[in-house]
Amino acid sequence: MTYLLHLFILVGIYAILSMSLNLISGYTGLLSIAHAGFYGIGAYVAALMALHAHTNFLLNIACGIVAAGLLSLVVAVPSLRLRGDYFVIATFAFQIIAFSIMNNWVSVTAGPFGLPGIPRPEILGFTFVTHIHFLVLVGAFAVLALFFLNRIVHSPYGRVLRAIREDEVFTQSLGKNVTYFKISVFVTGAAIASIGGALYAHYITFIDPTSFTINESIFILAIVIIGGSGNLVGSIVGALVLVMVPEFFRFIGMPSAIAANMRQIFYGGLLVLFMMFMPEGFLGEYTFKKGER
Amino acid sequence: MLSQQLINGLISSAAICLVALGFALVYRVTGLFHIAHGALYVAGMYVTYACISIAGLALGFAIMVGVGITIALGLVFEIGVSRPLRRKKSSILVIFVASLGFYVVLQNVISLLFGNGTRSIRTWSIREGWEILGAHITPVQVIIIASAITLSIAVMIFQRWTKMGQGMRAVASDPELASISGLNVNNIILLTFVLGSALAGIAGIVVSLDADMTPTMGMRALLMGVVAVIVGGRNSIPGVALGALILGMTQHLGTWQISAKWQDAIVFVILLIFLLFRPQGFFGKKMRTVHV
């Protein structure tokens with residue numbers, strides 16, 4: 001039972017991550033493979049604040065948002081002014097280097113040893129301890145993220161995002177500042193991803209760089225694509241399916257080291273199959289048809 | 001001390017150049033940001049390792065098997081995934097995502113078979129090597145540098161003067177026009193994947209003669225290659241080699257002054273500088289995308 005609750009908490013965290021990536025990739029058509037980087041930044045900022053400054057959970061989240069937002073500008077501003085693949089390349093570089101810094105800057109991040117003993121979150125005197133508490137907390141943040149993102153995608157701003165996805169040049173010809181829209185949407189998505197990181201750090205109470213690798217980024221992208229690009233509910237369904245189904249490997253008694261690899265082979269294979277036969281995913285509206293070279 | 005840093009920089013540059021060559025070839029001809037190249041790079045090493053330590057083959061034969069399997073894996077991607085997607089007129093983004101998935105599968109199969117720990121091909125003892133101006137270099141490191149130079153020149157000659165190479169350049173600039181002119185575009189792309197994968201395999205194997213391997217090391221190596229391609233300009237082989245040289249040298253001369261943990265961050269700074277001021281790279285021509 002506790003294990004099932006644990007899985008639902010993970011689904012909640014991945015729903016936050018994949019909904020925020022959906023805003024960037026599904027709604028605006030910008031494929032990013034740096035999302036685990038921002039997830040990690042949120043987690044490390046929250047953990048370091050809690051461990052060294054003993055600050056409140058909500059303040060940690062806020063600082064994570066600011067840090068991820070500022071660092072996302074470093075990726076977005078140089079690469080989104082340019083056409084073509086530069087954005088994918090910049091997110092790829094950012095992801096690898098974010099991991100490398102988490103892994104090598106031992107004096108601050110403790111490198112591969114990770115940061116143990118992150119305190120349980122506390123809001124207005126109430127401390128979240130049990131799995132049920134956490135499920136409520138993560139669920140509340142996921143609903144908040146869904147509500148916020150839903151407002152964005154159904155606003156005039158959101159319509160411009162979809163217009164950029166379908167035809168960037170045409171959107172520009174209507175007088176929209178396409179670069180501004182792309183940069184702002186990337187920063188927003190990265191900032192929301194950092195919330196997922198802070199929740200993860202305070203929930204597991206231990207973080208190390210292996211949770212924030214490029215494979216994790218690809219996993220989040222797989223949730224977005226398989227759930228459906230350009231559909232927030234699709235991301236929640238995708239998170240549910242991709243977190244729950246691989247547990248089957250553990251369930252049938254596979255050793256956990258093998259199960260971890262099998263889980264990745266499972267979603268990597270799914271990603272290839274979906275691209276070949278169902279690029280719009282389960283509930284999506286977008287198939288990455290924009291061909292840019 | 002400085003001469004040792006220069007030699008180390010040269011060795012890193014050669015290793016980067018080897019990864020960049022194959023990646024640049026596929027990238028230029030198909031426009032695909034081929035992430036799975038990083039997994040092919042690792043696959044070559046592990047197959048060679050398995051041939052030597054499990055099957056007990058001689059090094060030279062093991063290398064041939066390693067490169068052969070890497071080519072086969074590249075072909076599995078091209079024939080099984082990328083070609084059907086091209087036939088369906090899928091965008092390059094779709095093929096890119098498929099390449100991401102292929103990378104994840106391949107890397108985890110390697111992890112599953114060999115574990116996540118480090119392995120080494122080396123069965124010989126490490127020699128101190130030769131001394132040049134107070135710096136040491138081992139024979140294996142000379143092989144790395146020599147193969148980077150030889151393969152760069154070979155690829156350049158191939159692209160410029162052979163019929164297939166010219167066909168590749170034609171497909172790179174406009175696949176439709178190339179097809180109308182009677183070129184078999186599918187065959188040319190197939191050959192591109194064969195050569196690209198072979199280069200990935202060779203790169204991995206040559207590097208693994210000198211250093212330990214892990215299943216996940218491909219991504220960092222690929223990043224270095226990609227940045228070298230951006231720095232040099234994607235359409236020029238001398239550009240790629242120069243990009244690799246700049247990158248390898250800055251990394252090592254940088255660590256002479258700053259701590260080694262920032263080595264990767266330096267690469268990111270170089271990428272940002274080029275994206276901001278010269279996105280077409282050193283040898284690239286400024287291009288304007290024209291949409292019709």
# chains A, B, ... in the order shown; residues from 1 in each chain; ligands from 1

call {"tool": "interface_residues", "arguments": {"of": "chain B", "to": "chain A", "cutoff": "7 Å", "atoms": "only C-alpha atoms", "output": "PyMOL selection string"}}
result
chain B and resi 31+85+90-94+98+101-102+104-105+108+112+220+223+261+264-265+268+272+275-276

call {"tool": "select_by_dssp", "arguments": {"residues": "range 66-182 of chain A", "states": "helix (DSSP H, G or I)", "output": "PyMOL selection string"}}
result
chain A and resi 66-80+86-104+106-109+111-113+131-153+156-166+168-173+178-182

call {"tool": "atom_distance", "arguments": {"atom1": "CA of Glu168 in chain A", "atom2": "CA of Val226 in chain B"}}
result
25.7 Å

call {"tool": "residues_around", "arguments": {"residues": "Ala203 in chain B", "least_positions_apart": "2", "cutoff": "8 Å", "atoms": "only C-alpha atoms", "output": "PyMOL selection string"}}
result
chain B and resi 15+18-19+41+199-201+205-207

call {"tool": "write_last_selection", "arguments": {"atoms": "N, CA and C atoms", "output": "PDB file, in the first residue's frame"}}
result
ATOM      1  N   ALA B  15      40.567  12.879 -29.985  1.00  0.00           N
ATOM      2  CA  ALA B  15      39.421  12.065 -29.584  1.00  0.00           C
ATOM      3  C   ALA B  15      38.116  12.769 -29.958  1.00  0.00           C
ATOM      4  N   LEU B  18      37.481  12.612 -33.756  1.00  0.00           N
ATOM      5  CA  LEU B  18      37.002  11.317 -34.236  1.00  0.00           C
ATOM      6  C   LEU B  18      35.488  11.187 -34.078  1.00  0.00           C
ATOM      7  N   VAL B  19      34.946  11.607 -32.918  1.00  0.00           N
ATOM      8  CA  VAL B  19      33.494  11.535 -32.723  1.00  0.00           C
ATOM      9  C   VAL B  19      32.802  12.503 -33.665  1.00  0.00           C
ATOM     10  N   TYR B  41      29.053   4.853 -30.563  1.00  0.00           N
ATOM     11  CA  TYR B  41      30.424   5.079 -30.106  1.00  0.00           C
ATOM     12  C   TYR B  41      30.766   4.117 -28.960  1.00  0.00           C
ATOM     13  N   LEU B 199      32.709   5.340 -38.389  1.00  0.00           N
ATOM     14  CA  LEU B 199      33.548   6.340 -37.724  1.00  0.00           C
ATOM     15  C   LEU B 199      33.255   6.400 -36.231  1.00  0.00           C
ATOM     16  N   ALA B 200      31.961   6.277 -35.860  1.00  0.00           N
ATOM     17  CA  ALA B 200      31.608   6.258 -34.433  1.00  0.00           C
ATOM     18  C   ALA B 200      32.287   5.085 -33.747  1.00  0.00           C
ATOM     19  N   GLY B 201      32.221   3.910 -34.397  1.00  0.00           N
ATOM     20  CA  GLY B 201      32.828   2.713 -33.818  1.00  0.00           C
ATOM     21  C   GLY B 201      34.328   2.855 -33.662  1.00  0.00           C
ATOM     22  N   ILE B 205      36.514   2.809 -30.185  1.00  0.00           N
ATOM     23  CA  ILE B 205      37.509   1.764 -29.946  1.00  0.00           C
ATOM     24  C   ILE B 205      38.888   2.371 -29.716  1.00  0.00           C
ATOM     25  N   VAL B 206      39.259   3.329 -30.569  1.00  0.00           N
ATOM     26  CA  VAL B 206      40.585   3.936 -30.435  1.00  0.00           C
ATOM     27  C   VAL B 206      40.721   4.632 -29.072  1.00  0.00           C
ATOM     28  N   VAL B 207      39.654   5.359 -28.679  1.00  0.00           N
ATOM     29  CA  VAL B 207      39.713   6.042 -27.388  1.00  0.00           C
ATOM     30  C   VAL B 207      39.792   5.030 -26.251  1.00  0.00           C
TER      31      VAL B 207
END

call {"tool": "atom_distance", "arguments": {"atom1": "CA of Phe23 in chain B", "atom2": "CA of Trp262 in chain B"}}
result
24.9 Å

call {"tool": "residues_around", "arguments": {"residues": "Phe38 in chain A", "least_positions_apart": "3", "cutoff": "12 Å", "atoms": "only C-alpha atoms", "output": "ChimeraX atom specification"}}
result
/A:17,20-21,32-35,41-45,64-73,75,91,94-99,102,186-198,211-214,216-217,220

call {"tool": "write_last_selection", "arguments": {"atoms": "C-alpha atoms", "output": "short mmCIF file (atom, residue, chain, number, x, y, z; two decimals), in the first residue's frame"}}
result
data_model
loop_
_atom_site.label_atom_id
_atom_site.label_comp_id
_atom_site.auth_asym_id
_atom_site.auth_seq_id
_atom_site.Cartn_x
_atom_site.Cartn_y
_atom_site.Cartn_z
CA LEU A 17 7.51 17.86 -15.13
CA SER A 20 5.66 21.95 -18.09
CA LEU A 21 7.66 20.31 -20.90
CA SER A 32 14.00 20.34 -25.35
CA ILE A 33 16.15 17.63 -23.83
CA ALA A 34 17.24 19.75 -20.86
CA HIS A 35 14.21 19.29 -18.65
CA ILE A 41 18.46 22.61 -10.38
CA GLY A 42 15.17 22.88 -8.46
CA ALA A 43 16.11 19.85 -6.37
CA TYR A 44 19.66 21.00 -5.60
CA VAL A 45 18.69 24.60 -4.80
CA GLY A 64 14.52 27.06 -7.21
CA ILE A 65 12.10 28.77 -9.59
CA VAL A 66 14.31 31.87 -9.79
CA ALA A 67 17.48 29.82 -10.30
CA ALA A 68 15.97 27.60 -13.02
CA GLY A 69 14.37 30.62 -14.70
CA LEU A 70 17.65 32.53 -14.84
CA LEU A 71 19.67 29.54 -16.04
CA SER A 72 17.08 28.76 -18.70
CA LEU A 73 17.74 32.23 -20.12
CA VAL A 75 20.08 28.42 -22.99
CA THR A 91 19.46 22.10 -24.56
CA PHE A 94 22.98 22.34 -21.06
CA GLN A 95 21.73 18.94 -19.91
CA ILE A 96 25.13 17.24 -20.14
CA ILE A 97 26.92 20.11 -18.45
CA ALA A 98 24.32 20.54 -15.70
CA PHE A 99 24.89 16.87 -14.86
CA MET A 102 26.29 18.37 -10.18
CA PHE A 186 10.95 28.15 -22.25
CA VAL A 187 11.66 30.09 -19.05
CA THR A 188 8.14 29.42 -17.76
CA GLY A 189 8.43 25.69 -18.45
CA ALA A 190 11.86 25.46 -16.83
CA ALA A 191 10.65 27.34 -13.75
CA ILE A 192 7.72 24.96 -13.28
CA ALA A 193 10.03 21.95 -13.71
CA SER A 194 12.12 23.22 -10.79
CA ILE A 195 9.06 22.90 -8.54
CA GLY A 196 9.01 19.19 -9.34
CA GLY A 197 12.66 19.04 -8.30
CA ALA A 198 12.08 20.75 -4.96
CA SER A 211 18.33 11.28 -10.91
CA PHE A 212 18.94 14.12 -13.34
CA THR A 213 20.67 12.53 -16.34
CA ILE A 214 19.86 12.97 -20.01
CA GLU A 216 15.65 11.32 -17.36
CA SER A 217 15.15 14.20 -19.80
CA ILE A 220 10.04 13.22 -19.48
#

call {"tool": "residues_around", "arguments": {"residues": "Met156 in chain B", "least_positions_apart": "4", "cutoff": "8 Å", "atoms": "only C-alpha atoms", "output": "NGL selection string"}}
result
:B and (152 or 160 or 237-238)

call {"tool": "select_by_dssp", "arguments": {"residues": "range 17-255 of chain B", "states": "strand (DSSP E)", "output": "VMD selection string"}}
result
chain B and resid 130 to 132 135 to 137

call {"tool": "write_last_selection", "arguments": {"atoms": "N, CA and C atoms", "output": "short mmCIF file (atom, residue, chain, number, x, y, z; two decimals), in the first residue's frame"}}
result
data_model
loop_
_atom_site.label_atom_id
_atom_site.label_comp_id
_atom_site.auth_asym_id
_atom_site.auth_seq_id
_atom_site.Cartn_x
_atom_site.Cartn_y
_atom_site.Cartn_z
N TRP B 130 57.08 7.75 -24.85
CA TRP B 130 58.23 8.54 -25.28
C TRP B 130 58.20 9.90 -24.62
N GLU B 131 59.38 10.50 -24.62
CA GLU B 131 59.44 11.84 -24.03
C GLU B 131 59.73 12.85 -25.14
N ILE B 132 58.85 13.85 -25.24
CA ILE B 132 59.07 14.93 -26.20
C ILE B 132 59.05 16.24 -25.43
N ALA B 135 57.52 16.18 -22.13
CA ALA B 135 56.17 15.67 -21.97
C ALA B 135 56.15 14.20 -22.38
N HIS B 136 55.28 13.43 -21.75
CA HIS B 136 55.20 12.01 -22.08
C HIS B 136 54.03 11.73 -22.99
N ILE B 137 54.23 10.82 -23.94
CA ILE B 137 53.13 10.37 -24.79
C ILE B 137 53.31 8.88 -25.05
#

call {"tool": "atom_distance", "arguments": {"atom1": "CA of His54 in chain A", "atom2": "CA of Val138 in chain A"}}
result
21.1 Å

call {"tool": "decode", "arguments": {"residues": "range 46-63 of chain A", "atoms": "C-alpha atoms", "output": "PDB file, in the first residue's frame"}}
result
ATOM      1  CA  ALA A  46      15.935  23.416  -2.442  1.00  0.00           C
ATOM      2  CA  ALA A  47      18.195  20.819  -0.813  1.00  0.00           C
ATOM      3  CA  LEU A  48      21.109  23.198  -0.305  1.00  0.00           C
ATOM      4  CA  MET A  49      18.867  25.942   1.094  1.00  0.00           C
ATOM      5  CA  ALA A  50      17.200  23.505   3.478  1.00  0.00           C
ATOM      6  CA  LEU A  51      20.472  21.920   4.605  1.00  0.00           C
ATOM      7  CA  HIS A  52      22.611  25.028   5.028  1.00  0.00           C
ATOM      8  CA  ALA A  53      20.184  27.896   5.650  1.00  0.00           C
ATOM      9  CA  HIS A  54      17.312  25.879   7.193  1.00  0.00           C
ATOM     10  CA  THR A  55      14.846  27.919   5.201  1.00  0.00           C
ATOM     11  CA  ASN A  56      11.197  27.155   4.751  1.00  0.00           C
ATOM     12  CA  PHE A  57      10.016  24.750   2.049  1.00  0.00           C
ATOM     13  CA  LEU A  58       8.014  27.381   0.168  1.00  0.00           C
ATOM     14  CA  LEU A  59      10.971  29.773   0.104  1.00  0.00           C
ATOM     15  CA  ASN A  60      13.139  26.909  -1.236  1.00  0.00           C
ATOM     16  CA  ILE A  61      10.667  26.358  -4.060  1.00  0.00           C
ATOM     17  CA  ALA A  62      10.674  30.066  -4.870  1.00  0.00           C
ATOM     18  CA  CYS A  63      14.481  30.163  -4.990  1.00  0.00           C
TER      19      CYS A  63
END
